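K.L.:
Have a look at this one before I ask anything.
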Amino acid sequence: MKKQLADVSALLDDELDAHAASPIVNATLRDGALRDAWQTYVLIGDQLRGNKLTASAMTDSVMARVREEPVVLAPRMLSSVPHRHHPLLALAASVAGVAVVGWLALSGAAPAPLTEDKLAAVAPASTFAKLPADSPGEKPLPAPVVSIQQDMKEYMLAHQTQAATFRLGHGVEHVRAVALVGKPVRP
Amino acid sequence: MRLIFGAAFFLFAGFALGQQASLGQQDLVTWMQRVAEAAQKLSYSGTFVYRNGSQSETSRIVHVASNGNQMEKLEVLDGSPREVIRFNDEVKCYLPENRLVIIEQRSARRSFPALLPSSPAGLNDHYIFRRGGSARIAGRETQVLRLEPRDNWRYGHQFWIDGASGLLLKAELFDERGETLESMAFTELRVGEPASAEVLKPSAAIVAQKDAWQVRQAKSREQRDDARWVFRADLPGYRRLAAMRRNMMRDAAPEDEVRHWLYSDGLAALSVFISPARANAEQQDPEVQLMGAISIARRIVDGHQVVVMGDVPPVAVRRFVDGIGMREK
């Protein structure tokens, strides 16, 4: 055990080569005592380096930011200046997110399951934007349709047929209509 | 450590590739013109996958362009054997499960590229165009174009355009969070190969159906503006393209014809249908539903059912349907 603890310490200090690191990582994943040691060494390392953001603090701060984040409930006119939207930045953020989650799991400091009240606090009130301010009243959430009425099928086909005239894919566009009108009919 | 380097690499790559070139209006029109012409003038056949949320369907399409005519057959290969056969402006949709053939006649006179010059700044006001990199779809090199909405009244589009033929090989519709709502992508495509007239007929599975089919011919004729109806909602960028009367219901009397208006911003389309409501229909709050990427809103107005649908966010159809009313006599 003492050697394994020393190995964990060496691993965190980046003193092991890849060949030697693999069995230690596997042992750490299996053994609760080694995971505790890993977490302790990480905390010690953070303190020595002056990092005050521990795993739990990070989780709490992220959750706090989520709670504070305003929910956009109305369509917004964006700035006339084209905004930069970087899809690959989102991918990079995802990768970084996966790295953080992986680190938390490996260190045994994964966030505790959300309690009911916490869940309520962070869950978005609505998946969809609410109506603009000049529309009347509170509106119910749209629900995905599992069956449609016959007249809706015909409306759908009429809409798609007319709209396809100026679509780019032409015939391919009809697949939307037949895919949707293929759903069961509601009386 | 590798993870950190990996994340850093992706961050750098994401930043570098994120600097996609913004396109001007003329660039976009040129690209779209090429795509629309290729779809009209080339003969092609292929298989493509349509994805809508967690559902997907594979379909086969054959398109023949000959002597100024266009013939096309779309056959859904999964589930019930639905087919769409088009000859120029006439579209027949075979729905075997309902024993129903719906015959539609296209009425809009102009095709997509022709729409643009009348509103040269229109699209640019409502979308940001970006030219992405190249990508390989169905074994062919494509150019990626992305149109991001400037507001929440429309969805975003991303197109993958075949460099060799100009055909649209993949299209995605995404919402304001960048999440894909639906996509269509070829998995296999042959361009320019001759197709016989036989492949454009209804398939044997449909012809073999012994039971009587109900044929619904939705004749439509263009109508002048119907002065009885008022459209107060003004969605930025959407303008009226067509106004029609349709006898969609069987044995419909002239007064029961469905009124149909088509609106578009050049990419997104929105239809308004107004028909006499059932006798027991009551005035009610608008109901909004989603059918894939199609949002549908309906309400009863003065004894009429008003339906607004389109590949637009729910908030857009709701806003539109709220603004429709009958003029006081």
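Going by the structure tokens order, chains are called A, B, ..., each with residues numbered from 1, while ligands are numbered from 1 in the order shown.
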Write out as a list in words each polymer residue whose atoms come within 6 Å of B:Thr47, counting only C-alpha atoms; drop sequence neighbours fewer than 6 positions from it.
P.N.:
Ser59, Arg60, Phe186, Thr187 and Glu188 of chain B
K.L.:
Restrict the selected residues to C-alpha atoms and save them as a PDB file, in the first residue's frame.
P.N.:
```pdb
ATOM      1  CA  SER B  59     -35.585   7.454 -48.674  1.00  0.00           C
ATOM      2  CA  ARG B  60     -34.648   7.046 -52.285  1.00  0.00           C
ATOM      3  CA  PHE B 186     -27.409  11.905 -48.964  1.00  0.00           C
ATOM      4  CA  THR B 187     -25.570   8.701 -48.225  1.00  0.00           C
ATOM      5  CA  GLU B 188     -25.212   7.804 -51.878  1.00  0.00           C
TER       6      GLU B 188
END
```
K.L.:
Near stretch 292-307 of chain B, counting only C-alpha atoms, which residues have an atom at most 6 Å away, once you skip same-chain residues fewer than 6 positions from it, shown as number ranges by chain?
P.N.:
B: 52, 181, 272-277, 283, 286, 314, 317-318
K.L.:
Measuring between only C-alpha atoms, which one of A:Asp31, A:Leu12, A:Lys2, A:Ser22 shows the shortest distance to chain B?
P.N.:
A:Leu12
K.L.:
So that I can check the surroundings of stretch 75-87 of chain B, please list as a VMD selection string every protein, DNA and RNA residue that reaches within 8 Å of it, counting only C-alpha atoms and ignoring chain neighbours fewer than 2 positions away.
P.N.:
(chain A and resid 174 to 175 178 182) or (chain B and resid 57 to 61 69 to 73 89 to 97 200 to 202 205 to 206)
K.L.:
Using C-alpha atoms, can you export the residues from the last selection as a PDB file, in the first residue's frame?
P.N.:
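Output below, filename selection.pdb:
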```pdb
ATOM      1  CA  HIS A 174     -41.115  16.445 -49.689  1.00  0.00           C
ATOM      2  CA  VAL A 175     -39.640  13.895 -47.336  1.00  0.00           C
ATOM      3  CA  VAL A 178     -44.404  12.341 -45.977  1.00  0.00           C
ATOM      4  CA  GLY A 182     -47.001   9.132 -41.995  1.00  0.00           C
TER       5      GLY A 182
ATOM      6  CA  GLU B  57     -36.057   7.561 -42.201  1.00  0.00           C
ATOM      7  CA  THR B  58     -34.205   6.459 -45.280  1.00  0.00           C
ATOM      8  CA  SER B  59     -35.585   7.454 -48.674  1.00  0.00           C
ATOM      9  CA  ARG B  60     -34.648   7.046 -52.285  1.00  0.00           C
ATOM     10  CA  ILE B  61     -35.020   9.824 -54.827  1.00  0.00           C
ATOM     11  CA  ASN B  69     -39.531  18.924 -67.907  1.00  0.00           C
ATOM     12  CA  GLN B  70     -38.845  17.636 -64.445  1.00  0.00           C
ATOM     13  CA  MET B  71     -39.950  14.262 -63.134  1.00  0.00           C
ATOM     14  CA  GLU B  72     -39.211  13.042 -59.704  1.00  0.00           C
ATOM     15  CA  LYS B  73     -40.009  10.139 -57.429  1.00  0.00           C
ATOM     16  CA  ASP B  89     -45.781  21.367 -60.868  1.00  0.00           C
ATOM     17  CA  GLU B  90     -48.088  18.456 -60.116  1.00  0.00           C
ATOM     18  CA  VAL B  91     -47.240  16.529 -56.978  1.00  0.00           C
ATOM     19  CA  LYS B  92     -48.910  13.231 -56.050  1.00  0.00           C
ATOM     20  CA  CYS B  93     -48.477  11.889 -52.563  1.00  0.00           C
ATOM     21  CA  TYR B  94     -49.368   8.228 -52.007  1.00  0.00           C
ATOM     22  CA  LEU B  95     -50.233   7.338 -48.414  1.00  0.00           C
ATOM     23  CA  PRO B  96     -51.006   3.589 -48.410  1.00  0.00           C
ATOM     24  CA  GLU B  97     -51.924   3.365 -44.733  1.00  0.00           C
ATOM     25  CA  LEU B 200     -40.837   7.202 -61.888  1.00  0.00           C
ATOM     26  CA  LYS B 201     -44.093   5.260 -61.647  1.00  0.00           C
ATOM     27  CA  PRO B 202     -45.688   4.228 -58.337  1.00  0.00           C
ATOM     28  CA  ALA B 205     -46.291  -2.375 -53.618  1.00  0.00           C
ATOM     29  CA  ILE B 206     -48.622   0.569 -54.107  1.00  0.00           C
TER      30      ILE B 206
END
```
K.L.:
Using DSSP secondary structure from the backbone, list all strand (DSSP E or B) positions within stretch 67-285 of chain B, as a VMD selection string.
P.N.:
chain B and resid 69 to 76 83 to 87 90 to 95 100 to 105 127 to 137 140 to 149 156 to 162 168 to 174 180 to 191 214 to 218 220 to 222 229 to 231 239 to 246 258 to 264 269 to 276
K.L.:
Only C-alpha atoms, please: the residues just picked out, written as an mmCIF file, in the first residue's frame.
P.N.:
```
data_model
loop_
_atom_site.group_PDB
_atom_site.id
_atom_site.type_symbol
_atom_site.label_atom_id
_atom_site.label_comp_id
_atom_site.auth_asym_id
_atom_site.auth_seq_id
_atom_site.Cartn_x
_atom_site.Cartn_y
_atom_site.Cartn_z
ATOM 1 C CA ASN B 69 -39.531 18.924 -67.907
ATOM 2 C CA GLN B 70 -38.845 17.636 -64.445
ATOM 3 C CA MET B 71 -39.950 14.262 -63.134
ATOM 4 C CA GLU B 72 -39.211 13.042 -59.704
ATOM 5 C CA LYS B 73 -40.009 10.139 -57.429
ATOM 6 C CA LEU B 74 -39.337 10.049 -53.728
ATOM 7 C CA GLU B 75 -39.844 6.731 -52.010
ATOM 8 C CA VAL B 76 -39.670 6.283 -48.235
ATOM 9 C CA GLU B 83 -44.221 7.860 -52.156
ATOM 10 C CA VAL B 84 -44.228 11.292 -53.744
ATOM 11 C CA ILE B 85 -44.221 11.536 -57.529
ATOM 12 C CA ARG B 86 -43.867 14.889 -59.214
ATOM 13 C CA PHE B 87 -44.244 15.894 -62.819
ATOM 14 C CA GLU B 90 -48.088 18.456 -60.116
ATOM 15 C CA VAL B 91 -47.240 16.529 -56.978
ATOM 16 C CA LYS B 92 -48.910 13.231 -56.050
ATOM 17 C CA CYS B 93 -48.477 11.889 -52.563
ATOM 18 C CA TYR B 94 -49.368 8.228 -52.007
ATOM 19 C CA LEU B 95 -50.233 7.338 -48.414
ATOM 20 C CA LEU B 100 -55.160 8.118 -49.841
ATOM 21 C CA VAL B 101 -53.639 9.903 -52.804
ATOM 22 C CA ILE B 102 -53.327 13.645 -52.407
ATOM 23 C CA ILE B 103 -52.734 15.582 -55.591
ATOM 24 C CA GLU B 104 -51.257 19.017 -55.148
ATOM 25 C CA GLN B 105 -50.589 21.666 -57.738
ATOM 26 C CA TYR B 127 -29.239 36.039 -41.375
ATOM 27 C CA ILE B 128 -25.491 36.079 -41.039
ATOM 28 C CA PHE B 129 -23.869 34.118 -43.854
ATOM 29 C CA ARG B 130 -20.694 32.218 -43.253
ATOM 30 C CA ARG B 131 -18.655 30.107 -45.574
ATOM 31 C CA GLY B 132 -17.288 27.129 -43.716
ATOM 32 C CA GLY B 133 -14.670 24.660 -44.800
ATOM 33 C CA SER B 134 -15.033 21.648 -47.011
ATOM 34 C CA ALA B 135 -16.477 18.332 -45.905
ATOM 35 C CA ARG B 136 -17.023 14.941 -47.462
ATOM 36 C CA ILE B 137 -20.629 13.821 -47.831
ATOM 37 C CA ARG B 140 -18.132 13.761 -52.524
ATOM 38 C CA GLU B 141 -16.367 16.973 -51.569
ATOM 39 C CA THR B 142 -18.754 19.681 -50.418
ATOM 40 C CA GLN B 143 -18.580 23.338 -49.492
ATOM 41 C CA VAL B 144 -20.238 24.247 -46.192
ATOM 42 C CA LEU B 145 -22.453 27.347 -45.944
ATOM 43 C CA ARG B 146 -23.998 28.448 -42.697
ATOM 44 C CA LEU B 147 -26.792 30.962 -42.219
ATOM 45 C CA GLU B 148 -27.254 32.066 -38.649
ATOM 46 C CA PRO B 149 -30.431 33.919 -37.711
ATOM 47 C CA GLY B 156 -30.619 28.706 -38.738
ATOM 48 C CA HIS B 157 -29.521 26.669 -41.738
ATOM 49 C CA GLN B 158 -26.361 24.863 -42.700
ATOM 50 C CA PHE B 159 -25.857 23.568 -46.217
ATOM 51 C CA TRP B 160 -23.303 21.181 -47.671
ATOM 52 C CA ILE B 161 -23.055 21.824 -51.414
ATOM 53 C CA ASP B 162 -21.449 19.406 -53.844
ATOM 54 C CA LEU B 168 -27.338 20.169 -52.065
ATOM 55 C CA LEU B 169 -26.053 17.010 -50.377
ATOM 56 C CA LYS B 170 -26.851 17.793 -46.779
ATOM 57 C CA ALA B 171 -28.983 20.358 -44.988
ATOM 58 C CA GLU B 172 -29.492 21.028 -41.311
ATOM 59 C CA LEU B 173 -31.951 23.223 -39.490
ATOM 60 C CA PHE B 174 -30.817 24.447 -36.080
ATOM 61 C CA THR B 180 -29.985 20.495 -34.804
ATOM 62 C CA LEU B 181 -33.738 20.146 -35.228
ATOM 63 C CA GLU B 182 -33.718 18.118 -38.411
ATOM 64 C CA SER B 183 -31.338 17.122 -41.144
ATOM 65 C CA MET B 184 -31.369 15.580 -44.576
ATOM 66 C CA ALA B 185 -28.188 14.002 -45.932
ATOM 67 C CA PHE B 186 -27.409 11.905 -48.964
ATOM 68 C CA THR B 187 -25.570 8.701 -48.225
ATOM 69 C CA GLU B 188 -25.212 7.804 -51.878
ATOM 70 C CA LEU B 189 -25.680 9.869 -55.036
ATOM 71 C CA ARG B 190 -25.327 9.322 -58.761
ATOM 72 C CA VAL B 191 -25.434 12.334 -61.038
ATOM 73 C CA GLN B 214 -59.417 7.854 -52.027
ATOM 74 C CA VAL B 215 -58.139 10.565 -54.323
ATOM 75 C CA ARG B 216 -58.050 14.051 -52.888
ATOM 76 C CA GLN B 217 -57.303 16.638 -55.526
ATOM 77 C CA ALA B 218 -56.504 19.832 -53.741
ATOM 78 C CA SER B 220 -55.951 25.721 -55.655
ATOM 79 C CA ARG B 221 -56.439 28.982 -57.408
ATOM 80 C CA GLU B 222 -54.849 32.246 -56.683
ATOM 81 C CA TRP B 229 -59.160 39.021 -42.859
ATOM 82 C CA VAL B 230 -56.647 41.217 -41.138
ATOM 83 C CA PHE B 231 -53.050 40.177 -40.437
ATOM 84 C CA ARG B 239 -43.531 38.732 -46.823
ATOM 85 C CA ARG B 240 -46.526 37.292 -48.591
ATOM 86 C CA LEU B 241 -45.660 35.188 -51.634
ATOM 87 C CA ALA B 242 -48.983 33.675 -52.572
ATOM 88 C CA ALA B 243 -52.666 33.696 -51.700
ATOM 89 C CA MET B 244 -54.804 30.745 -52.733
ATOM 90 C CA ARG B 245 -58.194 29.170 -52.272
ATOM 91 C CA ARG B 246 -58.222 25.415 -51.889
ATOM 92 C CA VAL B 258 -59.845 26.873 -47.411
ATOM 93 C CA ARG B 259 -57.944 30.094 -47.756
ATOM 94 C CA HIS B 260 -54.197 29.628 -47.868
ATOM 95 C CA TRP B 261 -51.538 32.301 -47.664
ATOM 96 C CA LEU B 262 -47.827 31.579 -47.982
ATOM 97 C CA TYR B 263 -45.201 33.774 -46.359
ATOM 98 C CA SER B 264 -41.427 33.517 -46.471
ATOM 99 C CA ALA B 269 -41.738 29.411 -44.943
ATOM 100 C CA LEU B 270 -44.966 29.904 -43.096
ATOM 101 C CA SER B 271 -48.498 29.030 -44.227
ATOM 102 C CA VAL B 272 -51.801 30.389 -42.970
ATOM 103 C CA PHE B 273 -54.930 28.294 -43.496
ATOM 104 C CA ILE B 274 -58.385 29.618 -42.689
ATOM 105 C CA SER B 275 -61.426 27.371 -42.992
ATOM 106 C CA PRO B 276 -64.946 27.291 -41.554
#
```
K.L.:
Of the candidates B:Arg106, B:Arg278, B:Arg34, B:Arg51, which shows the shortest atom-to-atom distance to chain A, using only C-alpha atoms?
P.N.:
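Closest to chain A, using only C-alpha atoms: B:Arg106.
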K.L.:
As a ChimeraX atom specification, list the residues of stretch 72-298 of chain B assigned to alpha helix (DSSP H) by DSSP on the backbone atoms of this structure.
P.N.:
/B:112-115,122-126,204-207
K.L.:
Just write the chosen residues, N, CA, C and O atoms, as a CSV table (one decimal), in the first residue's frame.
P.N.:
```
chain,number,residue,atom,x,y,z
B,112,PHE,N,-36.7,29.7,-55.9
B,112,PHE,CA,-36.0,30.4,-54.9
B,112,PHE,C,-35.1,31.5,-55.3
B,112,PHE,O,-35.2,32.6,-54.8
B,113,PRO,N,-34.2,31.3,-56.3
B,113,PRO,CA,-33.2,32.4,-56.6
B,113,PRO,C,-33.9,33.6,-57.1
B,113,PRO,O,-33.5,34.8,-56.8
B,114,ALA,N,-35.0,33.4,-57.8
B,114,ALA,CA,-35.7,34.6,-58.3
B,114,ALA,C,-36.3,35.5,-57.2
B,114,ALA,O,-36.7,36.6,-57.4
B,115,LEU,N,-36.5,34.9,-56.0
B,115,LEU,CA,-37.0,35.7,-54.9
B,115,LEU,C,-36.1,36.7,-54.5
B,115,LEU,O,-36.5,37.8,-54.0
B,122,GLY,N,-32.7,41.9,-47.9
B,122,GLY,CA,-33.6,41.2,-47.0
B,122,GLY,C,-32.9,40.1,-46.2
B,122,GLY,O,-33.0,40.0,-45.0
B,123,LEU,N,-32.3,39.1,-46.9
B,123,LEU,CA,-31.7,38.0,-46.2
B,123,LEU,C,-30.6,38.5,-45.3
B,123,LEU,O,-30.5,38.0,-44.2
B,124,ASN,N,-29.8,39.4,-45.8
B,124,ASN,CA,-28.7,39.9,-45.0
B,124,ASN,C,-29.2,40.6,-43.7
B,124,ASN,O,-28.5,40.6,-42.7
B,125,ASP,N,-30.4,41.1,-43.7
B,125,ASP,CA,-30.9,41.7,-42.5
B,125,ASP,C,-31.3,40.7,-41.4
B,125,ASP,O,-31.3,41.0,-40.3
B,126,HIS,N,-31.5,39.5,-41.9
B,126,HIS,CA,-32.1,38.5,-40.9
B,126,HIS,C,-31.2,37.3,-40.7
B,126,HIS,O,-31.5,36.5,-39.8
B,204,ALA,N,-44.6,-1.2,-57.2
B,204,ALA,CA,-45.5,-2.3,-57.3
B,204,ALA,C,-46.2,-2.5,-56.0
B,204,ALA,O,-47.4,-2.9,-56.0
B,205,ALA,N,-45.6,-2.2,-54.9
B,205,ALA,CA,-46.3,-2.4,-53.6
B,205,ALA,C,-47.5,-1.5,-53.5
B,205,ALA,O,-48.5,-1.9,-52.9
B,206,ILE,N,-47.5,-0.3,-54.1
B,206,ILE,CA,-48.6,0.6,-54.1
B,206,ILE,C,-49.7,0.2,-55.2
B,206,ILE,O,-50.9,0.2,-54.9
B,207,VAL,N,-49.2,-0.2,-56.3
B,207,VAL,CA,-50.1,-0.6,-57.4
B,207,VAL,C,-50.9,-1.8,-57.0
B,207,VAL,O,-52.1,-2.0,-57.3
```
